[in-house]
file query_29.cif (mmCIF, C-alpha atoms)
data_final
#
loop_
_atom_site.label_atom_id
_atom_site.label_comp_id
_atom_site.auth_asym_id
_atom_site.auth_seq_id
_atom_site.Cartn_x
_atom_site.Cartn_y
_atom_site.Cartn_z
CA MET A 21 124.40 123.54 51.84
CA ALA A 22 123.09 122.01 54.99
CA LYS A 23 126.30 122.92 56.86
CA ASN A 24 125.80 126.61 56.10
CA THR A 25 122.17 126.70 57.05
CA PRO A 26 121.64 124.97 60.37
CA PRO A 27 118.13 125.05 61.79
CA ALA A 28 117.27 128.14 63.78
CA ASN A 29 117.13 126.27 67.06
CA ALA A 30 120.10 123.97 66.42
CA ARG A 31 122.00 125.18 69.56
CA THR A 32 119.47 123.48 71.77
CA GLY A 33 119.12 120.50 69.50
CA THR A 34 115.44 121.15 69.04
CA ARG A 35 115.08 120.62 65.35
CA ARG A 36 111.79 118.94 64.64
CA PRO A 37 112.33 115.90 62.45
CA SER A 38 109.34 115.30 60.28
CA SER A 39 109.39 111.59 61.05
CA ASN A 40 108.49 112.10 64.72
CA ARG A 41 105.61 114.47 64.06
CA GLY A 42 101.94 113.73 63.95
CA GLY A 43 99.08 113.14 66.32
CA ASN A 44 97.56 110.41 64.15
CA ASN A 45 100.76 108.41 64.42
CA ARG A 46 100.47 108.52 68.17
CA SER A 47 97.11 106.78 68.35
CA VAL A 48 98.33 104.13 65.91
CA PHE A 49 101.46 103.79 68.05
CA TYR A 50 99.48 103.20 71.24
CA GLY A 51 97.30 100.73 69.39
CA VAL A 52 100.39 98.84 68.28
CA LEU A 53 101.77 98.80 71.83
CA ILE A 54 98.51 97.42 73.21
CA ALA A 55 98.44 94.77 70.47
CA ILE A 56 102.02 93.74 71.30
CA VAL A 57 101.19 93.46 75.00
CA VAL A 58 98.09 91.35 74.34
CA LEU A 59 99.87 89.10 71.85
CA GLY A 60 102.96 88.85 74.06
CA VAL A 61 101.01 87.77 77.15
CA ALA A 62 98.93 85.32 75.10
CA ALA A 63 102.04 83.87 73.43
CA ILE A 64 103.80 83.32 76.76
CA PHE A 65 100.74 81.61 78.24
CA TYR A 66 100.29 79.46 75.14
CA LEU A 67 103.93 78.42 74.97
CA ALA A 68 104.13 77.77 78.70
CA LYS A 69 101.07 75.52 78.70
CA ARG A 70 101.91 73.67 75.49
CA PRO A 71 102.86 70.06 76.24
CA ALA A 72 106.23 68.87 75.03
CA THR A 73 104.63 66.07 73.07
CA THR A 74 101.02 65.63 72.06
CA THR A 75 98.95 62.62 73.03
CA ALA A 76 98.86 61.55 69.39
CA ASP A 77 102.67 61.70 69.29
CA GLN A 78 102.84 59.58 72.43
CA ASP A 79 100.41 57.00 71.07
CA ALA A 80 102.38 56.77 67.84
CA ALA A 81 105.60 56.41 69.78
CA TYR A 82 104.03 53.71 71.99
CA GLU A 83 102.95 51.72 68.93
CA ALA A 84 106.38 52.13 67.38
CA LEU A 85 107.97 50.89 70.58
CA GLN A 86 105.76 47.83 70.66
CA LYS A 87 106.86 47.02 67.10
CA ASN A 88 110.49 47.62 67.98
CA TYR A 89 110.24 45.34 70.96
CA ALA A 90 108.51 42.55 69.11
CA ASN A 91 111.78 40.75 68.49
CA ALA A 92 113.56 41.70 71.69
CA GLY A 93 115.39 38.90 73.45
CA PRO A 94 114.88 37.69 77.01
CA PRO A 95 114.76 40.43 79.66
CA GLN A 96 117.84 41.10 81.75
CA PRO A 97 116.68 43.06 84.78
CA HIS A 98 119.12 44.75 87.15
CA VAL A 99 119.07 42.81 90.39
CA LEU A 100 119.70 43.33 94.09
CA GLY A 101 119.71 40.96 97.06
CA ASN A 102 119.57 37.24 97.56
CA PRO A 103 118.19 35.36 94.55
CA ASN A 104 117.04 32.57 96.90
CA ALA A 105 114.90 34.92 98.99
CA PRO A 106 111.29 33.72 99.43
CA VAL A 107 109.88 36.79 97.69
CA THR A 108 110.80 38.44 94.41
CA ILE A 109 109.90 42.07 93.83
CA GLU A 110 109.96 43.11 90.18
CA GLU A 111 109.75 46.79 89.35
CA PHE A 112 109.00 48.26 85.92
CA ALA A 113 110.13 51.85 86.07
CA ASP A 114 111.10 54.82 83.99
CA PHE A 115 114.01 56.91 85.23
CA GLU A 116 112.22 60.07 84.16
CA CYS A 117 108.89 59.27 85.77
CA PRO A 118 108.23 61.45 88.83
CA SER A 119 106.29 58.73 90.69
CA CYS A 120 109.19 56.32 90.18
CA GLY A 121 111.47 59.06 91.47
CA ARG A 122 109.37 59.50 94.59
CA PHE A 123 109.36 55.75 95.23
CA ALA A 124 113.11 55.49 94.60
CA THR A 125 114.05 58.37 96.86
CA ILE A 126 111.48 58.09 99.65
CA THR A 127 110.45 54.43 99.95
CA GLU A 128 113.13 52.36 98.31
CA PRO A 129 115.93 53.11 100.83
CA ASP A 130 113.78 51.53 103.57
CA VAL A 131 112.77 48.67 101.29
CA ARG A 132 116.42 47.91 100.66
CA LYS A 133 117.40 48.20 104.31
CA ASN A 134 114.54 46.28 105.88
CA ILE A 135 113.33 43.93 103.17
CA ILE A 136 116.10 43.22 100.69
CA ASN A 137 119.18 43.37 102.90
CA THR A 138 117.44 41.17 105.47
CA GLY A 139 116.95 38.46 102.87
CA GLN A 140 113.15 38.72 102.72
CA ALA A 141 113.08 39.64 99.06
CA PHE A 142 115.08 39.65 95.84
CA TYR A 143 114.71 42.82 93.74
CA LYS A 144 114.58 43.08 89.96
CA TYR A 145 114.53 46.40 88.13
CA TYR A 146 113.25 46.48 84.53
CA ASP A 147 113.75 49.53 82.33
CA PHE A 148 110.43 50.69 81.00
CA PRO A 149 111.18 54.01 79.28
CA LEU A 150 107.89 55.68 78.45
CA PRO A 151 107.32 57.45 75.16
CA GLY A 152 107.22 61.19 75.68
CA HIS A 153 110.01 61.07 78.25
CA ARG A 154 112.77 62.01 75.87
CA ASN A 155 115.69 61.53 78.25
CA SER A 156 114.54 58.25 79.72
CA GLN A 157 116.33 56.02 77.20
CA ALA A 158 119.52 57.96 77.80
CA ALA A 159 119.10 57.49 81.56
CA SER A 160 118.63 53.73 81.15
CA ASN A 161 121.73 53.74 78.97
CA ALA A 162 123.66 55.65 81.66
CA ALA A 163 122.56 53.17 84.32
CA ALA A 164 123.40 50.10 82.21
CA CYS A 165 126.87 51.53 81.58
CA ALA A 166 127.28 52.08 85.32
CA GLU A 167 126.40 48.43 85.90
CA GLU A 168 129.29 47.51 83.63
CA GLN A 169 131.45 48.89 86.44
CA GLY A 170 129.31 47.32 89.15
CA LYS A 171 127.52 50.51 90.12
CA PHE A 172 124.04 50.27 88.64
CA TRP A 173 122.28 50.99 91.92
CA GLU A 174 124.50 53.95 92.71
CA MET A 175 123.69 55.42 89.29
CA HIS A 176 120.02 54.48 89.77
CA ASP A 177 119.98 56.55 92.97
CA GLN A 178 121.75 59.47 91.32
CA LEU A 179 119.36 59.46 88.37
CA PHE A 180 116.24 59.38 90.49
CA GLY A 181 117.61 61.74 93.12
CA GLY A 182 118.71 64.22 90.47
CA GLN A 183 115.63 64.03 88.21
CA ASP A 184 115.17 67.78 88.53
CA GLN A 185 118.51 68.32 86.80
CA TRP A 186 117.81 66.28 83.68
CA GLY A 187 114.24 64.93 83.66
CA LEU A 188 110.81 66.40 83.38
CA SER A 189 110.37 70.04 84.24
CA ALA A 190 108.54 71.12 87.37
CA SER A 191 105.34 71.59 85.36
CA GLU A 192 105.91 68.16 83.75
CA THR A 193 105.26 69.65 80.32
CA GLY A 194 108.76 69.11 79.01
CA GLN A 195 112.33 68.29 79.76
CA VAL A 196 114.69 70.39 81.81
CA THR A 197 117.34 69.76 79.18
CA ASP A 198 117.55 68.05 75.83
CA ASP A 199 121.18 67.16 76.41
CA PRO A 200 121.32 65.13 79.64
CA LYS A 201 124.69 63.48 79.04
CA PRO A 202 126.82 66.14 80.79
CA ILE A 203 124.61 65.75 83.87
CA PHE A 204 124.89 61.96 83.77
CA GLU A 205 128.63 62.37 83.41
CA GLY A 206 128.57 64.38 86.63
CA PHE A 207 126.70 61.53 88.33
CA ALA A 208 129.30 59.07 87.02
CA LYS A 209 132.05 61.17 88.61
CA THR A 210 130.12 61.46 91.87
CA ILE A 211 129.77 57.69 92.27
CA GLY A 212 133.40 57.11 91.34
CA LEU A 213 133.08 55.50 87.93
CA ASP A 214 135.88 55.40 85.40
CA VAL A 215 134.30 58.25 83.47
CA ALA A 216 136.23 57.69 80.24
CA LYS A 217 135.10 54.07 80.15
CA TRP A 218 131.54 55.02 81.05
CA ASP A 219 131.58 57.72 78.39
CA GLN A 220 132.68 55.26 75.72
CA CYS A 221 129.98 52.82 76.80
CA PHE A 222 127.31 55.54 76.84
CA ASP A 223 128.16 56.68 73.30
CA SER A 224 128.27 53.12 71.96
CA HIS A 225 124.66 52.33 73.09
CA LYS A 226 125.85 48.76 73.55
CA TYR A 227 123.13 48.02 76.11
CA GLN A 228 120.25 49.25 73.97
CA SER A 229 119.12 45.69 73.28
CA ARG A 230 119.03 45.00 77.03
CA ILE A 231 116.92 48.11 77.62
CA ASP A 232 114.61 47.09 74.77
CA ALA A 233 114.31 43.55 76.12
CA ASN A 234 113.39 44.82 79.59
CA ALA A 235 110.79 47.13 78.10
CA ALA A 236 109.49 44.28 75.93
CA GLU A 237 108.90 42.26 79.08
CA GLY A 238 106.77 45.12 80.36
CA PHE A 239 104.78 45.15 77.14
CA ARG A 240 104.28 41.39 77.41
CA ARG A 241 102.80 41.93 80.87
CA HIS A 242 100.71 44.87 79.61
CA VAL A 243 102.40 47.37 81.90
CA ASN A 244 100.97 50.77 81.11
CA GLU A 245 101.96 52.79 84.13
CA THR A 246 105.15 53.30 86.05
CA PRO A 247 106.15 52.22 88.53
CA THR A 248 104.46 48.85 88.32
CA PHE A 249 105.52 46.14 90.76
CA TYR A 250 105.10 42.40 90.77
CA ILE A 251 105.54 40.81 94.17
CA ASN A 252 105.86 37.09 93.57
CA GLY A 253 103.80 37.73 90.47
CA LYS A 254 101.06 39.76 92.17
CA ILE A 255 100.70 43.17 90.52
CA ALA A 256 100.80 46.48 92.42
CA VAL A 257 100.51 49.59 90.30
CA GLY A 258 101.92 52.95 91.34
CA ALA A 259 104.46 54.15 93.88
CA GLN A 260 103.90 52.04 96.97
CA SER A 261 104.45 53.28 100.49
CA TYR A 262 106.88 51.36 102.64
CA ASP A 263 104.05 49.94 104.77
CA ASP A 264 102.17 48.76 101.67
CA MET A 265 105.31 47.17 100.29
CA GLN A 266 105.99 45.41 103.59
CA LYS A 267 102.39 44.13 103.66
CA LEU A 268 102.69 42.85 100.09
CA VAL A 269 105.96 41.12 100.91
CA ASP A 270 104.51 39.64 104.11
CA ALA A 271 101.47 38.40 102.18
CA ALA A 272 103.75 36.89 99.51
CA LYS A 273 105.85 35.22 102.19
CA ALA A 274 102.76 33.84 103.91
CA ASP A 275 101.52 32.62 100.57
CA THR A 276 104.87 30.96 99.89
CA VAL A 277 104.83 29.30 103.31
CA ALA A 278 101.24 28.16 102.79
CA LYS A 279 102.09 26.77 99.39
CA SER A 280 105.19 24.99 100.65
CA SER A 281 103.17 23.57 103.58
CA ALA A 282 100.54 22.40 101.17
CA THR A 283 103.23 20.90 98.96
CA SER A 284 104.77 19.14 101.98
CA ALA A 285 101.38 17.85 103.03
CA ASN A 286 100.77 16.57 99.53
CA GLN A 287 104.18 14.96 99.48
CA LYS A 288 103.44 13.31 102.85
CA ALA A 289 100.09 12.18 101.56
CA THR A 290 101.78 10.48 98.64
CA VAL A 291 104.55 8.90 100.69
CA PRO A 292 104.46 5.12 100.16
CA ARG A 293 102.78 3.16 102.90
CA THR A 294 105.92 1.21 103.36
CA GLY A 295 107.65 4.40 104.51
CA VAL A 296 104.98 5.06 107.08
CA THR A 297 105.19 1.56 108.24
CA ASP A 298 108.95 1.86 108.61
CA THR A 299 108.60 4.94 110.78
CA THR A 300 106.11 3.34 113.08
CA LYS A 301 108.35 0.40 113.40
CA HIS A 302 111.05 2.60 114.91
CA MET B 6 108.18 107.43 63.97
CA ARG B 7 111.64 105.95 64.52
CA ARG B 8 111.34 106.19 68.30
CA MET B 9 107.88 104.70 68.12
CA SER B 10 109.29 101.81 66.11
CA ILE B 11 112.10 101.42 68.65
CA ALA B 12 109.58 101.36 71.51
CA SER B 13 107.45 98.77 69.69
CA LEU B 14 110.43 96.52 68.97
CA ALA B 15 111.68 96.90 72.55
CA LEU B 16 108.25 95.88 73.84
CA MET B 17 108.42 92.73 71.70
CA GLY B 18 111.89 92.14 73.12
CA ILE B 19 110.54 92.40 76.67
CA PHE B 20 108.16 89.50 76.06
CA LEU B 21 110.76 87.42 74.27
CA ALA B 22 113.31 87.89 77.07
CA LEU B 23 110.61 87.40 79.69
CA TYR B 24 109.72 84.03 78.18
CA LEU B 25 113.35 82.90 78.37
CA THR B 26 113.69 84.29 81.91
CA LEU B 27 110.59 82.42 83.10
CA TYR B 28 112.07 79.26 81.62
CA LYS B 29 115.40 79.87 83.33
CA LEU B 30 113.70 80.49 86.66
CA GLY B 31 111.74 77.26 86.32
CA TYR B 32 108.26 78.67 85.72
CA ILE B 33 108.13 77.27 82.18
CA GLY B 34 109.20 73.69 81.82
CA HIS B 35 109.83 73.39 78.13
CA LEU B 36 111.03 75.88 75.54
CA ALA B 37 109.00 75.79 72.34
CA CYS B 38 112.09 75.49 70.20
CA GLY B 39 111.23 73.48 67.11
CA LEU B 40 114.61 74.03 65.52
CA GLY B 41 117.91 74.51 67.22
CA SER B 42 118.76 73.80 70.81
CA CYS B 43 117.26 76.47 73.03
CA GLU B 44 117.44 74.43 76.21
CA ARG B 45 121.07 73.52 75.72
CA VAL B 46 121.93 77.20 75.34
CA ASN B 47 119.71 78.30 78.20
CA THR B 48 120.98 75.67 80.60
CA SER B 49 124.63 76.26 79.75
CA VAL B 50 127.01 78.09 82.08
CA TRP B 51 126.86 81.05 79.70
CA ALA B 52 123.16 81.56 80.39
CA THR B 53 124.01 83.34 83.64
CA PHE B 54 125.84 86.64 83.84
CA MET B 55 126.80 88.27 87.13
CA HIS B 56 124.55 85.93 89.12
CA LEU B 57 121.50 86.71 87.00
CA PRO B 58 120.06 84.86 84.01
CA VAL B 59 121.24 86.46 80.77
CA ALA B 60 117.59 86.57 79.72
CA ALA B 61 116.81 88.69 82.80
CA TRP B 62 119.50 91.14 81.70
CA GLY B 63 117.70 91.12 78.36
CA VAL B 64 114.41 92.02 80.06
CA GLY B 65 116.16 94.88 81.82
CA PHE B 66 117.75 96.09 78.59
CA TYR B 67 114.48 96.04 76.66
CA VAL B 68 112.55 97.71 79.49
CA VAL B 69 115.07 100.57 79.71
CA THR B 70 115.14 100.91 75.91
CA PHE B 71 111.34 100.91 75.81
CA VAL B 72 111.08 103.56 78.53
CA VAL B 73 113.69 105.80 76.88
CA ALA B 74 112.07 105.43 73.46
CA LEU B 75 108.66 106.19 74.96
CA TRP B 76 110.17 109.17 76.76
CA GLY B 77 111.60 110.28 73.41
CA THR B 78 108.14 110.26 71.85
CA SER B 79 106.61 112.50 74.54
CA ALA B 80 105.65 116.05 73.53
CA ALA B 81 108.39 117.56 75.68
CA TRP B 82 111.20 115.43 74.22
CA ILE B 83 110.12 114.47 70.74
CA GLU B 84 112.05 117.35 69.20
CA ARG B 85 115.17 116.86 71.27
CA ARG B 86 118.36 115.00 70.57
CA GLU B 87 119.05 113.63 74.07
CA PRO B 88 116.78 110.57 73.82
CA ALA B 89 118.55 109.66 70.56
CA ILE B 90 121.94 109.85 72.28
CA VAL B 91 120.80 107.69 75.20
CA LEU B 92 119.18 105.19 72.83
CA THR B 93 122.30 104.95 70.68
CA PHE B 94 124.49 104.39 73.72
CA LEU B 95 122.14 101.79 75.18
CA THR B 96 121.63 99.87 71.97
CA THR B 97 125.33 99.88 71.12
CA VAL B 98 126.04 98.22 74.46
CA GLY B 99 123.12 95.84 73.80
CA LEU B 100 124.38 95.03 70.33
CA LEU B 101 127.90 94.25 71.57
CA PHE B 102 126.52 92.03 74.34
CA SER B 103 124.23 90.30 71.88
CA ALA B 104 127.12 89.75 69.44
CA TRP B 105 129.16 88.19 72.24
CA LEU B 106 126.27 85.85 73.11
CA THR B 107 125.84 84.85 69.47
CA TYR B 108 129.58 84.12 69.26
CA LEU B 109 129.27 81.90 72.36
CA GLU B 110 126.33 80.04 70.85
CA VAL B 111 128.08 79.29 67.59
CA TYR B 112 131.67 78.73 68.67
CA VAL B 113 131.60 77.75 72.34
CA ILE B 114 128.29 76.09 73.17
CA GLY B 115 127.85 74.74 69.65
CA ALA B 116 124.09 75.16 69.69
CA ILE B 117 121.71 77.76 68.35
CA CYS B 118 118.73 79.07 70.27
CA ARG B 119 116.27 80.62 67.87
CA PHE B 120 114.82 82.87 70.55
CA CYS B 121 118.32 84.21 71.19
CA VAL B 122 118.84 84.74 67.46
CA GLY B 123 115.47 86.53 67.38
CA SER B 124 116.58 88.75 70.22
CA ALA B 125 119.88 89.49 68.48
CA LEU B 126 117.98 90.55 65.35
CA LEU B 127 115.69 92.77 67.42
CA VAL B 128 118.68 94.45 69.08
CA PHE B 129 120.29 94.97 65.67
CA LEU B 130 117.13 96.56 64.25
CA ILE B 131 116.74 98.80 67.31
CA TRP B 132 120.40 99.83 66.99
CA VAL B 133 119.98 100.73 63.30
CA LEU B 134 116.87 102.80 64.11
CA SER B 135 118.68 104.49 67.01
CA LEU B 136 121.57 105.45 64.73
CA ALA B 137 119.14 106.78 62.15
CA ASP B 138 117.39 108.75 64.89
CA LEU B 139 120.68 110.22 66.10
CA ARG B 140 121.65 111.26 62.60
CA ALA B 141 118.31 112.99 62.12
CA TYR B 142 119.07 115.46 64.89
CA PRO B 143 121.70 118.22 64.77
CA ARG B 144 124.68 118.13 67.06
CA PRO B 145 124.85 120.81 69.81
CA ASP B 146 127.66 122.61 67.91
CA GLY B 147 125.10 123.59 65.32
CA VAL B 148 126.25 121.29 62.57
CA ALA B 149 123.24 120.07 60.68
CA PRO B 150 122.59 116.40 60.20
CA ARG B 151 123.90 114.82 57.04
CA ALA B 152 120.63 113.23 56.20
#
call {"tool": "encode", "arguments": {"input": "query_29.cif", "output": "structure tokens"}}
result
Amino acid sequence: MAKNTPPANARTGTRRPSSNRGGNNRSVFYGVLIAIVVLGVAAIFYLAKRPATTTADQDAAYEALQKNYANAGPPQPHVLGNPNAPVTIEEFADFECPSCGRFATITEPDVRKNIINTGQAFYKYYDFPLPGHRNSQAASNAAACAEEQGKFWEMHDQLFGGQDQWGLSASETGQVTDDPKPIFEGFAKTIGLDVAKWDQCFDSHKYQSRIDANAAEGFRRHVNETPTFYINGKIAVGAQSYDDMQKLVDAAKADTVAKSSATSANQKATVPRTGVTDTTKH
Amino acid sequence: MRRMSIASLALMGIFLALYLTLYKLGYIGHLACGLGSCERVNTSVWATFMHLPVAAWGVGFYVVTFVVALWGTSAAWIERREPAIVLTFLTTVGLLFSAWLTYLEVYVIGAICRFCVGSALLVFLIWVLSLADLRAYPRPDGVAPRA
């Protein structure tokens, strides 16, 4: 029936479908559009500002970590330099922490060149993955597996230098990715690791207890910010500038010298009189 | 009413795709993706098409669809078939592209982004409405619509 009775104005395609008629519909339509725009803008702002993890989540995670670390074994920091150096610098850091990244990329190269490589200080790096940094544990795992092949520090540099590829987002409200392994794998290739071996190690999580033990050491010392440094036991919180680090090392060295002088003086003071007598005799 | 619905859905799509584009461009650090793996999908190699984020193509698609649908609701065009033809063409292309992206998510990337699934559903709904709109208008040869 419809085929035999096309609308009068069918040639121009101007049939008026009932569904598109109506002035009342139009005002409702514009109202709906305005509502969508308002809700859309509000939703984007809300979602963009929403932190990845709430403070309560972080506190709960922190408490859980403390419990987990209660039975951790002795710490096994990653080390660099001469263990007999007069000064020991200990760093508690989180691979995902931006301040640690700034220290590692801006200051640490000079610290290594002028302080560690010259034998002034021995360096110890302790993993201290903070709750809320979801990829930090994985980064510590990647670095520990690189150490298995003797390239912890190379991986350390890649991880900190490439934080923008796998760590916190620019706004620091979340992670750039929730699957950092492919990026770490790229770092492993860049520094010339046996990637298959590294991959196997990464998946096995065989160094988790080491990471936990290093973090436990931080908890024992009440570290609550990264990076935190101990220079011969003296605490320095936050990313230090090179000059500050050199001053701290110099002060530690001076302190060591003063202590050893004092020790020598004490030893001399307790030398038996017979010894003194012998010397004067010669 | 159909074109109004299409315009409304396309406007929702603009915001959805805009959110993903802002993330891809680095203005939003974290995707609010409770389930699934939005970031894995949106940081994969498949999240860029012809040097532009796929989400930005989505913004473009929804904007064009919105404009055409809005144009189709104007007094001069509301009774005409042309907007329905353009909408059907546009949304068919959009649907095919969306189907390809969904295939990549499931079989290649191995992760599901719920925002992408949401966008695919929107495109599907818009496509169904566009088809219905096309069928409601007669063809130029004078054959009346079946509906």
call {"tool": "resolve_selection", "arguments": {"input": "query_29.cif", "expression": "the PyMOL selection byres ((chain A and resi 222) around 12)", "output": "PyMOL selection string"}}
result
chain A and resi 157-168+200-202+204-205+208+215-221+223-228
call {"tool": "residues_around", "arguments": {"input": "query_29.cif", "residues": "region 16-31 of chain B", "least_positions_apart": "3", "cutoff": "6 Å", "atoms": "all atoms listed in the file", "output": "ChimeraX atom specification"}}
result
/A:60 /B:13,60-61,63-64,67
call {"tool": "atom_distance", "arguments": {"input": "query_29.cif", "atom1": "CA of Ala271 (chain A)", "atom2": "CA of Asp147 (chain A)"}}
result
25.9 Å
call {"tool": "closest_residue", "arguments": {"input": "query_29.cif", "among": "B:Leu130, B:Ala141, B:Trp76, B:Val68", "to": "chain A", "atoms": "all atoms listed in the file"}}
result
B:Ala141
call {"tool": "residues_around", "arguments": {"input": "query_29.cif", "residues": "Cys117 (chain A)", "least_positions_apart": "6", "cutoff": "10 Å", "atoms": "all atoms listed in the file", "output": "list of chain:residue names"}}
result
A:Phe148, A:Pro149, A:Leu150, A:His153, A:Ser156, A:Phe180, A:Gln183, A:Gly187, A:Leu188, A:Glu192, A:Glu245, A:Thr246, A:Pro247
call {"tool": "write_last_selection", "arguments": {"input": "query_29.cif", "atoms": "C-alpha atoms", "output": "short mmCIF file (atom, residue, chain, number, x, y, z; two decimals), in the frame of the given file"}}
result
data_model
loop_
_atom_site.label_atom_id
_atom_site.label_comp_id
_atom_site.auth_asym_id
_atom_site.auth_seq_id
_atom_site.Cartn_x
_atom_site.Cartn_y
_atom_site.Cartn_z
CA PHE A 148 110.43 50.69 81.00
CA PRO A 149 111.18 54.01 79.28
CA LEU A 150 107.89 55.68 78.45
CA HIS A 153 110.01 61.07 78.25
CA SER A 156 114.54 58.25 79.72
CA PHE A 180 116.24 59.38 90.49
CA GLN A 183 115.63 64.03 88.21
CA GLY A 187 114.24 64.93 83.66
CA LEU A 188 110.81 66.40 83.38
CA GLU A 192 105.91 68.16 83.75
CA GLU A 245 101.96 52.79 84.13
CA THR A 246 105.15 53.30 86.05
CA PRO A 247 106.15 52.22 88.53
#
call {"tool": "atom_distance", "arguments": {"input": "query_29.cif", "atom1": "CA of Gly206 (chain A)", "atom2": "CA of Val113 (chain B)"}}
result
19.8 Å
call {"tool": "residues_around", "arguments": {"input": "query_29.cif", "residues": "region 133-143 of chain A", "least_positions_apart": "2", "cutoff": "12 Å", "atoms": "only C-alpha atoms", "output": "ChimeraX atom specification"}}
result
/A:97-112,127-131,145-146,173,249-252,262-263,265-274,276
call {"tool": "atom_distance", "arguments": {"input": "query_29.cif", "atom1": "CA of Tyr142 (chain B)", "atom2": "CA of Arg86 (chain B)"}}
result
5.7 Å
call {"tool": "resolve_selection", "arguments": {"input": "query_29.cif", "expression": "the PyMOL selection byres ((chain B and resi 136) around 10)", "output": "PyMOL selection string"}}
result
chain B and resi 7+89-90+92-94+96-97+130-135+137-141
call {"tool": "resolve_selection", "arguments": {"input": "query_29.cif", "expression": "the PyMOL selection byres ((chain A and resi 53) around 12)", "output": "list of chain:residue names"}}
result
A:Arg46, A:Ser47, A:Val48, A:Phe49, A:Tyr50, A:Gly51, A:Val52, A:Ile54, A:Ala55, A:Ile56, A:Val57, A:Val58, A:Leu59, A:Gly60, B:Met9, B:Ser10, B:Ile11, B:Ala12, B:Ser13, B:Leu14, B:Ala15, B:Leu16, B:Met17, B:Ile19, B:Phe71, B:Leu75
call {"tool": "residues_around", "arguments": {"input": "query_29.cif", "residues": "Gly181 (chain A)", "least_positions_apart": "4", "cutoff": "12 Å", "atoms": "only C-alpha atoms", "output": "PyMOL selection string"}}
result
chain A and resi 115-126+128-129+173-177+185-187+204+207
call {"tool": "residues_around", "arguments": {"input": "query_29.cif", "residues": "region 103-109 of chain B", "least_positions_apart": "6", "cutoff": "12 Å", "atoms": "all atoms listed in the file", "output": "PyMOL selection string"}}
result
chain B and resi 46-47+49-54+59-60+62-63+66+96-97+115-129+132
call {"tool": "closest_residue", "arguments": {"input": "query_29.cif", "among": "A:Ser261, A:Thr197, A:Ser281, A:Asn234", "to": "chain B", "atoms": "all atoms listed in the file"}}
result
A:Thr197
call {"tool": "residues_near_point", "arguments": {"input": "query_29.cif", "point": "(113.6, 108.2, 72.7)", "cutoff": "8 Å", "atoms": "only C-alpha atoms", "output": "list in words"}}
result
Arg8, Val72, Val73, Ala74, Leu75, Trp76, Gly77, Thr78, Trp82, Ile83, Glu87, Pro88, Ala89, Val91 and Leu92 of chain B
call {"tool": "write_last_selection", "arguments": {"input": "query_29.cif", "atoms": "C-alpha atoms", "output": "mmCIF file, in the coordinates of the input"}}
result
data_model
loop_
_atom_site.group_PDB
_atom_site.id
_atom_site.type_symbol
_atom_site.label_atom_id
_atom_site.label_comp_id
_atom_site.auth_asym_id
_atom_site.auth_seq_id
_atom_site.Cartn_x
_atom_site.Cartn_y
_atom_site.Cartn_z
ATOM 1 C CA ARG B 8 111.340 106.190 68.300
ATOM 2 C CA VAL B 72 111.080 103.560 78.530
ATOM 3 C CA VAL B 73 113.690 105.800 76.880
ATOM 4 C CA ALA B 74 112.070 105.430 73.460
ATOM 5 C CA LEU B 75 108.660 106.190 74.960
ATOM 6 C CA TRP B 76 110.170 109.170 76.760
ATOM 7 C CA GLY B 77 111.600 110.280 73.410
ATOM 8 C CA THR B 78 108.140 110.260 71.850
ATOM 9 C CA TRP B 82 111.200 115.430 74.220
ATOM 10 C CA ILE B 83 110.120 114.470 70.740
ATOM 11 C CA GLU B 87 119.050 113.630 74.070
ATOM 12 C CA PRO B 88 116.780 110.570 73.820
ATOM 13 C CA ALA B 89 118.550 109.660 70.560
ATOM 14 C CA VAL B 91 120.800 107.690 75.200
ATOM 15 C CA LEU B 92 119.180 105.190 72.830
#
call {"tool": "closest_residue", "arguments": {"input": "query_29.cif", "among": "A:Ala235, A:Val243, A:Ile255, A:Ala278", "to": "Pro94 (chain A)", "atoms": "only C-alpha atoms"}}
result
A:Ala235
call {"tool": "closest_residue", "arguments": {"input": "query_29.cif", "among": "A:Pro151, A:Ala282, A:Pro95, A:Ala113", "to": "Arg240 (chain A)", "atoms": "only C-alpha atoms"}}
result
A:Pro95
call {"tool": "closest_residue", "arguments": {"input": "query_29.cif", "among": "A:Lys144, A:Arg154, A:Arg132, A:Lys171", "to": "chain B", "atoms": "all atoms listed in the file"}}
result
A:Arg154
call {"tool": "closest_residue", "arguments": {"input": "query_29.cif", "among": "B:Met6, B:Leu100, B:Leu95, B:Glu110", "to": "chain A", "atoms": "only C-alpha atoms"}}
result
B:Met6
call {"tool": "build_atoms", "arguments": {"input": "query_29.cif", "residues": "region 136-140 of chain A", "atoms": "N, CA and C atoms", "output": "PDB file, keeping the file's coordinate frame"}}
result
ATOM      1  N   ILE A 136     115.160  43.922 101.579  1.00  0.00           N
ATOM      2  CA  ILE A 136     116.100  43.220 100.690  1.00  0.00           C
ATOM      3  C   ILE A 136     117.352  42.778 101.441  1.00  0.00           C
ATOM      4  N   ASN A 137     117.938  43.718 102.193  1.00  0.00           N
ATOM      5  CA  ASN A 137     119.180  43.370 102.900  1.00  0.00           C
ATOM      6  C   ASN A 137     118.956  42.340 103.998  1.00  0.00           C
ATOM      7  N   THR A 138     117.719  42.176 104.443  1.00  0.00           N
ATOM      8  CA  THR A 138     117.440  41.170 105.470  1.00  0.00           C
ATOM      9  C   THR A 138     117.094  39.814 104.860  1.00  0.00           C
ATOM     10  N   GLY A 139     117.153  39.756 103.541  1.00  0.00           N
ATOM     11  CA  GLY A 139     116.950  38.460 102.870  1.00  0.00           C
ATOM     12  C   GLY A 139     115.490  38.091 102.668  1.00  0.00           C
ATOM     13  N   GLN A 140     114.575  39.049 102.915  1.00  0.00           N
ATOM     14  CA  GLN A 140     113.150  38.720 102.720  1.00  0.00           C
ATOM     15  C   GLN A 140     112.777  38.701 101.246  1.00  0.00           C
TER      16      GLN A 140
END
